[in-house]
$ cat start_2.pdb   # PDB, C-alpha atoms
ATOM      1  CA  MET I   5       0.000   0.000   0.000
ATOM      2  CA  ASP I   6       1.481   3.297  -1.137
ATOM      3  CA  LEU I   7      -0.041   5.923   1.178
ATOM      4  CA  ASP I   8       1.648   8.769  -0.681
ATOM      5  CA  GLU I   9      -0.009   7.661  -3.919
ATOM      6  CA  ILE I  10      -3.403   7.272  -2.209
ATOM      7  CA  GLY I  11      -2.972  10.716  -0.648
ATOM      8  CA  ARG I  12      -2.151  12.207  -4.056
ATOM      9  CA  ARG I  13      -5.192  10.518  -5.621
ATOM     10  CA  SER I  14      -7.443  11.735  -2.799
ATOM     11  CA  GLU I  15      -6.202  15.311  -3.369
ATOM     12  CA  GLU I  16      -6.981  15.048  -7.081
ATOM     13  CA  LEU I  17     -10.428  13.633  -6.375
ATOM     14  CA  ALA I  18     -11.114  16.322  -3.767
ATOM     15  CA  ALA I  19     -10.276  18.990  -6.349
ATOM     16  CA  ARG I  20     -12.653  17.360  -8.869
ATOM     17  CA  LEU I  21     -15.406  17.043  -6.287
ATOM     18  CA  GLY I  22     -14.911  20.567  -4.935
ATOM     19  CA  VAL I  23     -14.304  19.500  -1.319
ATOM     20  CA  PRO I  24     -11.357  19.824   1.078
ATOM     21  CA  SER I  25      -8.807  17.028   0.821
ATOM     22  CA  PRO I  26      -8.794  14.709   3.868
ATOM     23  CA  ASP I  27      -5.721  13.329   5.591
ATOM     24  CA  VAL I  28      -4.894   9.710   4.720
ATOM     25  CA  GLU I  29      -3.390   7.088   7.022
ATOM     26  CA  SER I  30      -3.148   3.303   7.149
ATOM     27  CA  GLY I  31      -4.905   1.232   9.786
ATOM     28  CA  SER I  32      -6.635  -1.986  10.647
ATOM     29  CA  LEU I  33     -10.308  -2.041   9.634
ATOM     30  CA  PRO I  34     -13.153  -4.452  10.461
ATOM     31  CA  GLU I  35     -14.279  -6.913   7.781
ATOM     32  CA  TRP I  36     -17.518  -5.024   7.148
ATOM     33  CA  CYS I  37     -15.467  -2.169   5.625
ATOM     34  CA  LEU I  38     -15.622  -3.867   2.215
ATOM     35  CA  ASN I  39     -13.816  -1.132   0.325
ATOM     36  CA  GLY I  40     -10.930  -1.003   2.783
ATOM     37  CA  LEU I  41     -11.667   2.631   3.643
ATOM     38  CA  ARG I  42     -13.180   4.248   6.701
ATOM     39  CA  LEU I  43     -13.796   7.885   7.516
ATOM     40  CA  HIS I  44     -12.869   9.376  10.895
ATOM     41  CA  ARG I  45     -12.963  12.922  12.168
ATOM     42  CA  ARG I  46     -10.304  14.527  14.329
ATOM     43  CA  LYS I  47     -11.343  17.938  15.531
ATOM     44  CA  ARG I  48     -12.173  19.815  12.307
ATOM     45  CA  GLN I  49     -10.169  17.538   9.992
ATOM     46  CA  ALA I  50     -11.447  14.415   8.211
ATOM     47  CA  VAL I  51      -9.141  11.381   8.110
ATOM     48  CA  VAL I  52      -9.472   8.478   5.678
ATOM     49  CA  VAL I  53      -8.132   5.245   7.161
ATOM     50  CA  VAL I  54      -6.942   2.797   4.506
ATOM     51  CA  GLY I  55      -6.986  -0.911   5.320
ATOM     52  CA  ALA I  56      -5.420  -3.918   3.605
ATOM     53  CA  THR I  57      -8.642  -4.736   1.703
ATOM     54  CA  PHE I  58      -8.209  -1.612  -0.425
ATOM     55  CA  ASP I  59      -5.216  -3.188  -2.213
ATOM     56  CA  GLY I  60      -7.401  -6.072  -3.400
ATOM     57  CA  LEU I  61      -9.843  -3.825  -5.277
ATOM     58  CA  SER I  62      -9.626  -3.221  -9.001
ATOM     59  CA  ALA I  63      -8.393   0.188 -10.137
ATOM     60  CA  ALA I  64     -11.964   1.263 -10.961
ATOM     61  CA  GLU I  65     -13.240   0.083  -7.556
ATOM     62  CA  GLN I  66     -10.420   1.906  -5.777
ATOM     63  CA  GLU I  67     -11.180   5.113  -7.659
ATOM     64  CA  GLY I  68     -14.907   4.903  -6.926
ATOM     65  CA  ALA I  69     -14.494   3.985  -3.256
ATOM     66  CA  LEU I  70     -11.917   6.727  -2.707
ATOM     67  CA  ALA I  71     -14.093   9.289  -4.489
ATOM     68  CA  TYR I  72     -17.047   8.408  -2.271
ATOM     69  CA  VAL I  73     -15.147   8.631   1.013
ATOM     70  CA  VAL I  74     -13.435  11.887  -0.066
ATOM     71  CA  ALA I  75     -16.839  13.402  -0.918
ATOM     72  CA  ALA I  76     -18.266  12.244   2.427
ATOM     73  CA  ALA I  77     -15.215  13.711   4.184
ATOM     74  CA  GLY I  78     -15.988  17.082   2.615
ATOM     75  CA  PHE I  79     -19.486  17.084   4.113
ATOM     76  CA  VAL I  80     -18.143  15.977   7.510
ATOM     77  CA  VAL I  81     -15.657  18.869   7.524
ATOM     78  CA  ALA I  82     -18.423  21.301   6.488
ATOM     79  CA  ALA I  83     -20.585  20.021   9.369
ATOM     80  CA  ALA I  84     -17.746  20.627  11.813
ATOM     81  CA  GLY I  85     -17.272  24.159  10.494
ATOM     82  CA  ARG I  86     -19.573  27.120  10.119
ATOM     83  CA  ASP I  87     -21.725  25.521   7.416
ATOM     84  CA  ASN I  88     -23.878  23.697   9.973
ATOM     85  CA  THR I  89     -24.633  26.262  12.657
ATOM     86  CA  GLY I  90     -28.312  25.249  12.734
ATOM     87  CA  LEU I  91     -27.441  21.640  13.590
ATOM     88  CA  LYS I  92     -24.998  22.782  16.270
ATOM     89  CA  ARG I  93     -27.549  25.157  17.790
ATOM     90  CA  VAL I  94     -30.226  22.447  17.993
ATOM     91  CA  SER I  95     -27.654  20.027  19.469
ATOM     92  CA  ARG I  96     -26.751  22.535  22.180
ATOM     93  CA  ILE I  97     -30.412  23.204  23.023
ATOM     94  CA  LEU I  98     -31.204  19.482  23.237
ATOM     95  CA  GLY I  99     -28.077  18.933  25.329
ATOM     96  CA  PHE I 100     -29.112  21.701  27.709
ATOM     97  CA  VAL I 101     -32.662  20.318  27.996
ATOM     98  CA  LEU I 102     -31.312  16.810  28.576
ATOM     99  CA  GLY I 103     -28.891  17.992  31.256
ATOM    100  CA  ALA I 104     -31.543  20.064  32.999
ATOM    101  CA  ALA I 105     -34.086  17.225  32.878
ATOM    102  CA  LEU I 106     -31.526  14.737  34.241
ATOM    103  CA  SER I 107     -30.599  17.052  37.107
ATOM    104  CA  LEU I 108     -34.235  17.770  37.886
ATOM    105  CA  THR I 109     -35.137  14.067  37.777
ATOM    106  CA  ILE I 110     -32.371  13.221  40.250
ATOM    107  CA  VAL I 111     -33.353  16.034  42.643
ATOM    108  CA  LEU I 112     -37.099  15.345  42.440
ATOM    109  CA  GLY I 113     -36.542  11.592  42.710
ATOM    110  CA  ALA I 114     -34.439  12.054  45.851
ATOM    111  CA  MET I 115     -37.243  14.187  47.315
ATOM    112  CA  GLY I 116     -39.815  11.520  46.439
ATOM    113  CA  SER I 117     -41.754  13.938  44.248
ATOM    114  CA  SER I 118     -44.181  12.599  41.644
ATOM    115  CA  ALA I 119     -42.964  15.344  39.289
ATOM    116  CA  ALA I 120     -39.816  13.244  38.804
ATOM    117  CA  LEU I 121     -41.783  11.115  36.318
ATOM    118  CA  ALA I 122     -42.592  14.146  34.164
ATOM    119  CA  SER I 123     -38.961  15.252  34.291
ATOM    120  CA  ALA I 124     -37.804  11.752  33.336
ATOM    121  CA  SER I 125     -40.229  11.815  30.396
ATOM    122  CA  VAL I 126     -38.690  15.077  29.171
ATOM    123  CA  MET I 127     -35.247  13.502  29.500
ATOM    124  CA  VAL I 128     -36.255  10.441  27.442
ATOM    125  CA  LEU I 129     -37.901  12.623  24.787
ATOM    126  CA  SER I 130     -34.735  14.735  24.579
ATOM    127  CA  VAL I 131     -32.637  11.623  23.954
ATOM    128  CA  PHE I 132     -35.022  10.460  21.215
ATOM    129  CA  ALA I 133     -35.038  13.931  19.630
ATOM    130  CA  PHE I 134     -31.231  14.027  19.642
ATOM    131  CA  VAL I 135     -30.960  10.562  18.054
ATOM    132  CA  ALA I 136     -33.598  11.486  15.451
ATOM    133  CA  MET I 137     -31.653  14.635  14.575
ATOM    134  CA  ILE I 138     -28.399  12.678  14.110
ATOM    135  CA  VAL I 139     -30.170  10.034  12.003
ATOM    136  CA  ALA I 140     -31.721  12.748   9.800
ATOM    137  CA  TRP I 141     -28.324  14.423   9.365
ATOM    138  CA  THR I 142     -26.660  11.100   8.474
ATOM    139  CA  ARG I 143     -29.302  10.293   5.870
ATOM    140  CA  ARG I 144     -29.004  13.787   4.386
ATOM    141  CA  MET I 145     -25.211  13.451   4.173
ATOM    142  CA  ILE I 146     -25.517  10.073   2.417
ATOM    143  CA  TYR I 147     -27.986  11.445  -0.135
ATOM    144  CA  ARG I 148     -25.772  14.465  -0.791
ATOM    145  CA  THR I 149     -22.678  12.283  -1.157
ATOM    146  CA  ASP I 150     -24.483   9.926  -3.552
ATOM    147  CA  HIS I 151     -25.553  12.899  -5.653
ATOM    148  CA  LEU I 152     -22.135  14.577  -5.731
ATOM    149  CA  VAL I 153     -20.249  11.391  -6.639
ATOM    150  CA  THR I 154     -22.790  10.531  -9.361
ATOM    151  CA  GLU I 155     -22.684  14.044 -10.774
ATOM    152  CA  VAL I 156     -18.868  14.212 -10.913
ATOM    153  CA  MET I 157     -17.797  10.585 -11.396
ATOM    154  CA  GLY I 158     -20.786   9.242 -13.341
ATOM    155  CA  ARG I 159     -23.657   6.870 -12.631
ATOM    156  CA  PRO I 160     -21.668   3.659 -13.370
ATOM    157  CA  VAL I 161     -19.391   4.457 -10.414
ATOM    158  CA  MET I 162     -22.348   4.686  -8.026
ATOM    159  CA  ASP I 163     -23.909   1.521  -9.467
ATOM    160  CA  MET I 164     -20.615  -0.298  -8.854
ATOM    161  CA  LEU I 165     -20.475   0.978  -5.255
ATOM    162  CA  PHE I 166     -24.090  -0.065  -4.634
ATOM    163  CA  ALA I 167     -23.311  -3.550  -5.930
ATOM    164  CA  ARG I 168     -20.311  -3.902  -3.581
ATOM    165  CA  GLU I 169     -22.226  -2.587  -0.558
ATOM    166  CA  HIS I 170     -25.151  -4.917  -1.257
ATOM    167  CA  ARG I 171     -22.894  -7.984  -1.001
ATOM    168  CA  GLY I 172     -21.311  -7.013   2.293
ATOM    169  CA  PRO I 173     -22.149  -7.578   5.946
ATOM    170  CA  ARG I 174     -23.518  -4.856   8.184
ATOM    171  CA  PRO I 175     -21.579  -3.716  11.245
ATOM    172  CA  PRO I 176     -22.359  -5.693  14.417
ATOM    173  CA  GLY I 177     -23.917  -4.493  17.670
ATOM    174  CA  LEU I 178     -25.023  -0.920  18.254
ATOM    175  CA  ARG I 179     -23.171   0.290  15.175
ATOM    176  CA  GLY I 180     -25.169  -2.189  13.082
ATOM    177  CA  LEU I 181     -28.427  -1.086  14.694
ATOM    178  CA  TYR I 182     -27.583   2.549  13.984
ATOM    179  CA  SER I 183     -26.651   1.621  10.412
ATOM    180  CA  ARG I 184     -30.025  -0.069   9.859
ATOM    181  CA  VAL I 185     -31.841   3.041  11.103
ATOM    182  CA  ALA I 186     -29.644   5.835   9.741
ATOM    183  CA  VAL I 187     -28.480   4.480   6.388
ATOM    184  CA  PRO I 188     -31.205   4.622   3.728
ATOM    185  CA  SER I 189     -31.889   1.424   1.797
ATOM    186  CA  ASP I 190     -30.417   0.979  -1.683
ATOM    187  CA  ARG I 191     -33.929   1.443  -3.081
ATOM    188  CA  GLN I 192     -34.374   4.776  -1.274
ATOM    189  CA  ARG I 193     -30.951   5.981  -2.377
ATOM    190  CA  LEU I 194     -31.559   5.002  -6.001
ATOM    191  CA  GLU I 195     -35.009   6.617  -5.993
ATOM    192  CA  ARG I 196     -33.534   9.832  -4.589
ATOM    193  CA  LEU I 197     -30.741   9.787  -7.179
ATOM    194  CA  ASN I 198     -33.186   9.211 -10.025
ATOM    195  CA  ALA I 199     -35.437  12.018  -8.787
ATOM    196  CA  VAL I 200     -32.575  14.501  -8.461
ATOM    197  CA  LEU I 201     -30.802  13.648 -11.707
ATOM    198  CA  HIS I 202     -33.860  13.565 -13.983
TER     199      HIS I 202
END

$ encode --input "start_2.pdb" --output "structure tokens"
Amino acid sequence: MDLDEIGRRSEELAARLGVPSPDVESGSLPEWCLNGLRLHRRKRQAVVVVGATFDGLSAAEQEGALAYVVAAAGFVVAAAGRDNTGLKRVSRILGFVLGAALSLTIVLGAMGSSAALASASVMVLSVFAFVAMIVAWTRRMIYRTDHLVTEVMGRPVMDMLFAREHRGPRPPGLRGLYSRVAVPSDRQRLERLNAVLH
């Protein structure tokens, strides 16, 4: 694996896609990362971790997989910056409500007050609202990434990526549960692509 070459290719793809170029590093990835790539975020910088599986892909598969993760990295960086102030503001409000409800529940529960139940309900609703917001953001990012990669790289690249994803396993545990909820189905993604591109 030539990380310098992968880094150079990711810079070229980032320029084509109109997004910031992510950092690239090698690492060990779980088997459900079929393309041998995984996106991480460190502070305001996106990092693409390249695993051994990436070397086994064809040149076309490598190009498509790298283009997709570079495009996704651009949206992750934008979300960490000023482009997503609305999401950050809602997150802070929900965090404040959750913290206040938790504190109130503990205090009222210790006092034996029946109002603790109402406070606990607010706390649970805040958690659900926060999760729903993150799921909605994830789905939006996936749709936007699908559209950008299709627009710049062409529909055959996305069709190839869909075919590879369809064959692979889902992540286990909580990550798998989140993936089932937050990641739109292939049908939904294809319908959205067809609607946007026609």

$ residues_around --input "start_2.pdb" --residues "Tyr182 (chain I)" --least-positions-apart "3" --cutoff "12 Å" --atoms "all atoms listed in the file" --output "list in words"
Val135, Ala136, Ile138, Val139, Ala140, Thr142, Arg143, Arg174, Pro175, Pro176, Gly177, Leu178, Arg179, Val185, Ala186, Val187 and Pro188 of chain I

$ atom_distance --input "start_2.pdb" --atom1 "CA of Thr57 (chain I)" --atom2 "CA of Ser25 (chain I)"
21.8 Å

$ atom_distance --input "start_2.pdb" --atom1 "CA of Cys37 (chain I)" --atom2 "CA of Val200 (chain I)"
27.7 Å

$ resolve_selection --input "start_2.pdb" --expression "the PyMOL selection byres ((chain I and resi 62-65) around 10)" --output "CSV table (one decimal) with C-alpha atoms, in the frame of the given file"
chain,number,residue,atom,x,y,z
I,39,ASN,CA,-13.8,-1.1,0.3
I,58,PHE,CA,-8.2,-1.6,-0.4
I,59,ASP,CA,-5.2,-3.2,-2.2
I,60,GLY,CA,-7.4,-6.1,-3.4
I,61,LEU,CA,-9.8,-3.8,-5.3
I,66,GLN,CA,-10.4,1.9,-5.8
I,67,GLU,CA,-11.2,5.1,-7.7
I,68,GLY,CA,-14.9,4.9,-6.9
I,69,ALA,CA,-14.5,4.0,-3.3
I,70,LEU,CA,-11.9,6.7,-2.7
I,71,ALA,CA,-14.1,9.3,-4.5
I,161,VAL,CA,-19.4,4.5,-10.4
I,164,MET,CA,-20.6,-0.3,-8.9
I,165,LEU,CA,-20.5,1.0,-5.3
I,168,ARG,CA,-20.3,-3.9,-3.6

$ closest_residue --input "start_2.pdb" --among "I:Val126, I:Met145, I:Ala199, I:Ala133" --to "Val73 (chain I)" --atoms "only C-alpha atoms"
I:Met145

$ resolve_selection --input "start_2.pdb" --expression "the PyMOL selection byres ((chain I and resi 152) around 12)" --output "PyMOL selection string"
chain I and resi 17-18+20-23+71-76+78-79+145-151+153-159+161-162+197+200-201

$ residues_around --input "start_2.pdb" --residues "Ile10 (chain I)" --least-positions-apart "5" --cutoff "9 Å" --atoms "all atoms listed in the file" --output "number ranges by chain"
I: 5, 15, 28, 54, 70

$ closest_residue --input "start_2.pdb" --among "I:Gly11, I:Pro160, I:Gly180, I:Pro24" --to "Val80 (chain I)" --atoms "all atoms listed in the file"
I:Pro24

$ atom_distance --input "start_2.pdb" --atom1 "CA of Ser183 (chain I)" --atom2 "CA of Ser125 (chain I)"
26.2 Å

$ residues_around --input "start_2.pdb" --residues "Asp190 (chain I)" --least-positions-apart "2" --cutoff "8 Å" --atoms "only C-alpha atoms" --output "PyMOL selection string"
chain I and resi 166+170+188+192-194

$ closest_residue --input "start_2.pdb" --among "I:Arg144, I:Lys47, I:Ser107, I:Leu7" --to "Gly31 (chain I)" --atoms "all atoms listed in the file"
I:Leu7

$ resolve_selection --input "start_2.pdb" --expression "the PyMOL selection byres ((chain I and resi 45) around 10)" --output "PyMOL selection string"
chain I and resi 26-27+43-44+46-52+77+80-81+84

$ write_last_selection --input "start_2.pdb" --atoms "C-alpha atoms" --output "compact mmCIF listing (two decimals), keeping the file's coordinate frame"
# COMPACT_ATOMS: atom_id res chain seq x y z
CA PRO I 26 -8.79 14.71 3.87
CA ASP I 27 -5.72 13.33 5.59
CA LEU I 43 -13.80 7.88 7.52
CA HIS I 44 -12.87 9.38 10.90
CA ARG I 46 -10.30 14.53 14.33
CA LYS I 47 -11.34 17.94 15.53
CA ARG I 48 -12.17 19.82 12.31
CA GLN I 49 -10.17 17.54 9.99
CA ALA I 50 -11.45 14.42 8.21
CA VAL I 51 -9.14 11.38 8.11
CA VAL I 52 -9.47 8.48 5.68
CA ALA I 77 -15.22 13.71 4.18
CA VAL I 80 -18.14 15.98 7.51
CA VAL I 81 -15.66 18.87 7.52
CA ALA I 84 -17.75 20.63 11.81
